[in-house]
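Everything below concerns the one structure shown next.
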Amino acid sequence: MSGLFNPNFDILSMSLKALTETIYLALLATLFAIPFAFILSFFAARNLMPKTLLGNTVYVAIRTFATLFRSIEAIVWAIIFSVWVGIGPFAGMLALMIHSIAALTKLYSEQIENIDDGPVEAIKATGANTLQVWVFAVIPQIISPYLAFTIYRWDINVRMATIVGFVGGGGIGLLLLQQQQLLRWQNVGLIIWLIAAVVWIMDMTSAKIREKLIEM
């Protein structure tokens with residue numbers, strides 16, 4: 001505990017570099033997850049899928065994927081990818097990306113299921129195809145919520161990236177583990193303060209942005 005109240009600022013530069021790596025790792029994982037989750041969400045929305053054998057099969061398959069992959073914690077994915085691609089930030093990014101795809105697919109699809117069906121029916125009445133219905137009737141209704149969910153996910157990924165670092169995912173988590181194993185408690189104290197500060201700033205900032213987006 002004494003390390004928390006007497007942090008060693010000699011490693012501030014190294015810690016900030018690792019912290020920046022963690023933030024970028026979380027950002028990349030979120031950005032790479034967006035297009036996959038965006039596309040999958042349309043096929044995971046009950047109100048958009050046709051009531052046919054193929055439509056039901058696709059819907060159930062994607063919903064099952066989202067539920068299953070989301071239920072596996074990011075730290076478990078990090079262990080798996082560390083074995084496949086080696087220890088480092090790339091393994092951490094892949095772990096967060098897979099978990100984010102599953103989580104965002106669920107959030108995005110639930111938002112689609114809550115849209116107003118009026119514009120959808122109006123567009124269909126003009127003879128529009130499926131893609132045109134999505135573009136002109138669905139997407140305009142989901143832009144703000146999607147942005148809010150994405151920012152929220154980045155906030156979560158920054159926190160997860162720290163934990164993922166403990167199993168070789170790189171970033172501030174890996175540095176924290178190394179300093180802890182070396183019993184350098186003053187270094188550990190500084191790293192913990194930095195993590196707490198970033199998490200607090202991210203939480204406050206993302207909450208404000210999401211609030212503005214939801215009000216739009």
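Ordering of the structure tokens sets the chain letters (A, B, ...); residue numbers start at 1 within each chain; ligands are numbered from 1 in the order shown.
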Would you list the contacts of A:Ala33 as an NGL selection string, taking every protein, DNA or RNA residue within 9 Å and counting only C-alpha atoms, but skipping same-chain residues closer than 5 positions in sequence?
:A and (28 or 38 or 96-102 or 104)
Mind dumping the selected residues with C-alpha atoms as a PDB file, in the first residue's frame?
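Okay, result-v4.pdb is ready:
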ATOM      1  CA  LEU A  28      -7.879  -0.106 -32.998  1.00  0.00           C
ATOM      2  CA  PHE A  38     -22.397  -3.212 -38.343  1.00  0.00           C
ATOM      3  CA  LEU A  96     -10.547  -7.149 -27.781  1.00  0.00           C
ATOM      4  CA  MET A  97     -11.689  -7.036 -31.407  1.00  0.00           C
ATOM      5  CA  ILE A  98     -13.364 -10.469 -31.296  1.00  0.00           C
ATOM      6  CA  HIS A  99     -15.116  -9.644 -28.031  1.00  0.00           C
ATOM      7  CA  SER A 100     -16.141  -6.222 -29.378  1.00  0.00           C
ATOM      8  CA  ILE A 101     -17.601  -7.680 -32.580  1.00  0.00           C
ATOM      9  CA  ALA A 102     -19.831  -9.983 -30.551  1.00  0.00           C
ATOM     10  CA  LEU A 104     -21.529  -4.603 -30.647  1.00  0.00           C
TER      11      LEU A 104
END
Neighbour list for A:Val167 as a ChimeraX atom specification, cut-off 8 Å, only C-alpha atoms, skip fewer than 3 positions in-chain:
/A:75,78-79,82,163-164,174
Residues just named, written with C-alpha atoms as a JSON list (two decimals), in the first residue's frame:
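Saved file selection.json follows:
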[["chain", "number", "residue", "atom", "x", "y", "z"],
["A", 75, "ILE", "CA", -8.72, -12.22, -21.13],
["A", 78, "ALA", "CA", -5.99, -12.93, -25.14],
["A", 79, "ILE", "CA", -4.56, -16.21, -23.88],
["A", 82, "SER", "CA", -1.07, -15.17, -27.40],
["A", 163, "ILE", "CA", -6.46, -6.70, -17.81],
["A", 164, "VAL", "CA", -5.56, -8.32, -21.14],
["A", 174, "LEU", "CA", 1.99, -5.97, -19.02]]
re atom CA of A:Asn157 and atom CA of A:Ala45: distance 24.4 Å
Tell me, as a PyMOL selection string, which residues lie within 8 Å of stretch 112-125 of chain A, counting only C-alpha atoms; anything in the same chain fewer than 3 positions away does not count.
chain A and resi 41-42+45-48+108-109+128-129+132-133+136-138+141-142
So which bits of stretch 4-173 of chain A end up alpha helix (DSSP H) when you DSSP the backbone, as JSON, numbers by chain?
{"A": [4, 5, 12, 13, 14, 15, 16, 17, 18, 19, 20, 21, 22, 23, 24, 25, 26, 27, 28, 29, 30, 31, 32, 33, 34, 35, 36, 37, 38, 39, 40, 41, 42, 43, 53, 54, 55, 56, 57, 58, 59, 60, 61, 62, 63, 64, 65, 66, 67, 68, 69, 70, 71, 74, 75, 76, 77, 78, 79, 80, 81, 82, 83, 84, 85, 89, 90, 91, 92, 93, 94, 95, 96, 97, 98, 99, 100, 101, 102, 103, 104, 105, 106, 107, 108, 109, 110, 111, 112, 113, 117, 118, 119, 120, 121, 122, 123, 124, 125, 130, 131, 132, 133, 139, 140, 141, 142, 143, 144, 145, 146, 147, 148, 149, 150, 151, 152, 153, 154, 155, 156, 157, 158, 159, 160, 161, 162, 163, 164, 171, 172, 173]}
Keeping only C-alpha atoms, write the selected residues as a short mmCIF file (atom, residue, chain, number, x, y, z; two decimals), in the first residue's frame.
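result15.cif, written as the output of this step:
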data_model
loop_
_atom_site.label_atom_id
_atom_site.label_comp_id
_atom_site.auth_asym_id
_atom_site.auth_seq_id
_atom_site.Cartn_x
_atom_site.Cartn_y
_atom_site.Cartn_z
CA LEU A 4 0.34 4.11 -3.74
CA PHE A 5 1.22 7.05 -1.53
CA LEU A 12 6.59 8.21 -15.73
CA SER A 13 7.78 8.41 -19.34
CA MET A 14 7.86 4.64 -19.75
CA SER A 15 4.45 4.31 -18.08
CA LEU A 16 2.86 6.97 -20.28
CA LYS A 17 4.21 5.23 -23.37
CA ALA A 18 2.67 1.92 -22.23
CA LEU A 19 -0.57 3.70 -21.36
CA THR A 20 -0.72 5.30 -24.81
CA GLU A 21 -0.17 1.86 -26.33
CA THR A 22 -3.11 0.55 -24.30
CA ILE A 23 -5.41 3.37 -25.44
CA TYR A 24 -4.44 2.89 -29.10
CA LEU A 25 -4.82 -0.87 -28.75
CA ALA A 26 -8.37 -0.39 -27.46
CA LEU A 27 -9.13 2.15 -30.19
CA LEU A 28 -7.88 -0.11 -33.00
CA ALA A 29 -9.82 -3.07 -31.63
CA THR A 30 -12.98 -0.95 -31.57
CA LEU A 31 -12.46 0.50 -35.05
CA PHE A 32 -11.75 -2.89 -36.62
CA ALA A 33 -14.81 -4.37 -34.89
CA ILE A 34 -17.24 -1.71 -36.16
CA PRO A 35 -17.63 -2.82 -39.83
CA PHE A 36 -18.05 -6.48 -38.88
CA ALA A 37 -20.58 -5.73 -36.15
CA PHE A 38 -22.40 -3.21 -38.34
CA ILE A 39 -22.99 -5.73 -41.13
CA LEU A 40 -23.79 -8.64 -38.83
CA SER A 41 -26.31 -6.58 -36.86
CA PHE A 42 -28.66 -6.33 -39.84
CA PHE A 43 -28.74 -10.11 -40.14
CA LEU A 53 -35.87 -21.22 -43.41
CA LEU A 54 -32.75 -19.42 -44.66
CA GLY A 55 -33.66 -16.20 -42.88
CA ASN A 56 -34.30 -17.97 -39.58
CA THR A 57 -31.10 -20.00 -39.91
CA VAL A 58 -28.95 -16.92 -40.53
CA TYR A 59 -30.64 -15.04 -37.69
CA VAL A 60 -30.14 -17.86 -35.17
CA ALA A 61 -26.54 -18.49 -36.30
CA ILE A 62 -25.45 -14.86 -35.89
CA ARG A 63 -27.32 -14.44 -32.61
CA THR A 64 -25.65 -17.61 -31.30
CA PHE A 65 -22.24 -16.35 -32.42
CA ALA A 66 -22.78 -13.01 -30.66
CA THR A 67 -23.97 -14.64 -27.44
CA LEU A 68 -21.26 -17.32 -27.37
CA PHE A 69 -18.29 -15.13 -28.25
CA ARG A 70 -19.45 -12.34 -25.92
CA SER A 71 -19.71 -14.81 -23.03
CA ALA A 74 -11.48 -10.92 -23.39
CA ILE A 75 -8.72 -12.22 -21.13
CA VAL A 76 -9.47 -15.77 -22.33
CA TRP A 77 -9.32 -14.61 -25.95
CA ALA A 78 -5.99 -12.93 -25.14
CA ILE A 79 -4.56 -16.21 -23.88
CA ILE A 80 -5.76 -17.99 -27.02
CA PHE A 81 -4.32 -15.38 -29.38
CA SER A 82 -1.07 -15.17 -27.40
CA VAL A 83 -0.56 -18.85 -28.21
CA TRP A 84 -1.46 -18.35 -31.88
CA VAL A 85 0.35 -15.11 -32.74
CA PRO A 89 -0.13 -5.90 -28.37
CA PHE A 90 -1.33 -7.68 -31.54
CA ALA A 91 -2.69 -10.58 -29.51
CA GLY A 92 -4.37 -8.12 -27.16
CA MET A 93 -5.92 -6.20 -30.04
CA LEU A 94 -7.30 -9.38 -31.62
CA ALA A 95 -8.79 -10.47 -28.30
CA LEU A 96 -10.55 -7.15 -27.78
CA MET A 97 -11.69 -7.04 -31.41
CA ILE A 98 -13.36 -10.47 -31.30
CA HIS A 99 -15.12 -9.64 -28.03
CA SER A 100 -16.14 -6.22 -29.38
CA ILE A 101 -17.60 -7.68 -32.58
CA ALA A 102 -19.83 -9.98 -30.55
CA ALA A 103 -20.86 -7.30 -28.05
CA LEU A 104 -21.53 -4.60 -30.65
CA THR A 105 -23.44 -7.00 -32.89
CA LYS A 106 -25.83 -7.65 -30.02
CA LEU A 107 -26.20 -3.97 -29.12
CA TYR A 108 -26.55 -2.83 -32.72
CA SER A 109 -29.12 -5.51 -33.63
CA GLU A 110 -31.25 -4.74 -30.56
CA GLN A 111 -31.29 -1.09 -31.61
CA ILE A 112 -32.46 -2.07 -35.10
CA GLU A 113 -35.26 -4.14 -33.57
CA ASP A 117 -41.38 0.38 -38.67
CA GLY A 118 -43.21 3.20 -40.44
CA PRO A 119 -40.33 4.37 -42.65
CA VAL A 120 -39.44 0.74 -43.43
CA GLU A 121 -42.94 -0.07 -44.64
CA ALA A 122 -43.10 3.19 -46.61
CA ILE A 123 -39.85 2.42 -48.44
CA LYS A 124 -40.94 -1.17 -49.13
CA ALA A 125 -44.21 0.13 -50.61
CA THR A 130 -33.47 -4.90 -49.19
CA LEU A 131 -30.34 -2.77 -49.48
CA GLN A 132 -32.37 0.35 -50.25
CA VAL A 133 -34.60 -0.31 -47.24
CA ILE A 139 -29.61 3.53 -41.04
CA PRO A 140 -30.96 7.09 -40.52
CA GLN A 141 -32.70 5.86 -37.35
CA ILE A 142 -29.69 4.14 -35.83
CA ILE A 143 -26.74 6.48 -36.46
CA SER A 144 -26.80 8.29 -33.09
CA PRO A 145 -27.37 5.16 -30.96
CA TYR A 146 -24.66 3.31 -32.90
CA LEU A 147 -22.16 6.09 -32.23
CA ALA A 148 -23.10 6.08 -28.55
CA PHE A 149 -22.67 2.29 -28.31
CA THR A 150 -19.32 2.49 -30.12
CA ILE A 151 -17.92 5.14 -27.79
CA TYR A 152 -19.16 3.13 -24.82
CA ARG A 153 -17.40 0.08 -26.22
CA TRP A 154 -14.11 1.95 -26.61
CA ASP A 155 -14.41 3.00 -22.97
CA ILE A 156 -14.87 -0.65 -21.98
CA ASN A 157 -11.99 -1.76 -24.20
CA VAL A 158 -9.56 0.64 -22.52
CA ARG A 159 -10.34 -1.01 -19.19
CA MET A 160 -10.23 -4.51 -20.68
CA ALA A 161 -6.91 -3.77 -22.40
CA THR A 162 -5.31 -3.27 -19.00
CA ILE A 163 -6.46 -6.70 -17.81
CA VAL A 164 -5.56 -8.32 -21.14
CA GLY A 171 0.42 -2.13 -22.89
CA ILE A 172 0.16 -0.81 -19.35
CA GLY A 173 -1.17 -4.12 -18.03
#
re atom CA of A:Ala197 and atom CA of A:Gln181: distance 23.0 Å
For A:Gln179: contacts at 12 Å, only C-alpha atoms, fewer than 2 positions along chain excluded, given as a list in words
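Here the qualifying residues turn out to be Gly3, Asn8, Ile11, Met14, Ser15, Phe166, Ile172, Gly173, Leu174, Leu175, Leu176, Leu177, Gln181, Leu182, Leu183, Arg184, Trp185, Gln186, Asn187, Val188, Gly189, Leu190, Ile191 and Ile192 of chain A.
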A:Gly88: which residues within 7 Å, counting only C-alpha atoms, same-chain residues fewer than 4 positions away excluded, as number ranges by chain?
A: 92, 168-170
Enter the distance from atom CA of A:Lys208 to atom CA of A:Ala196, in Å, rounded to one decimal.
18.5 Å
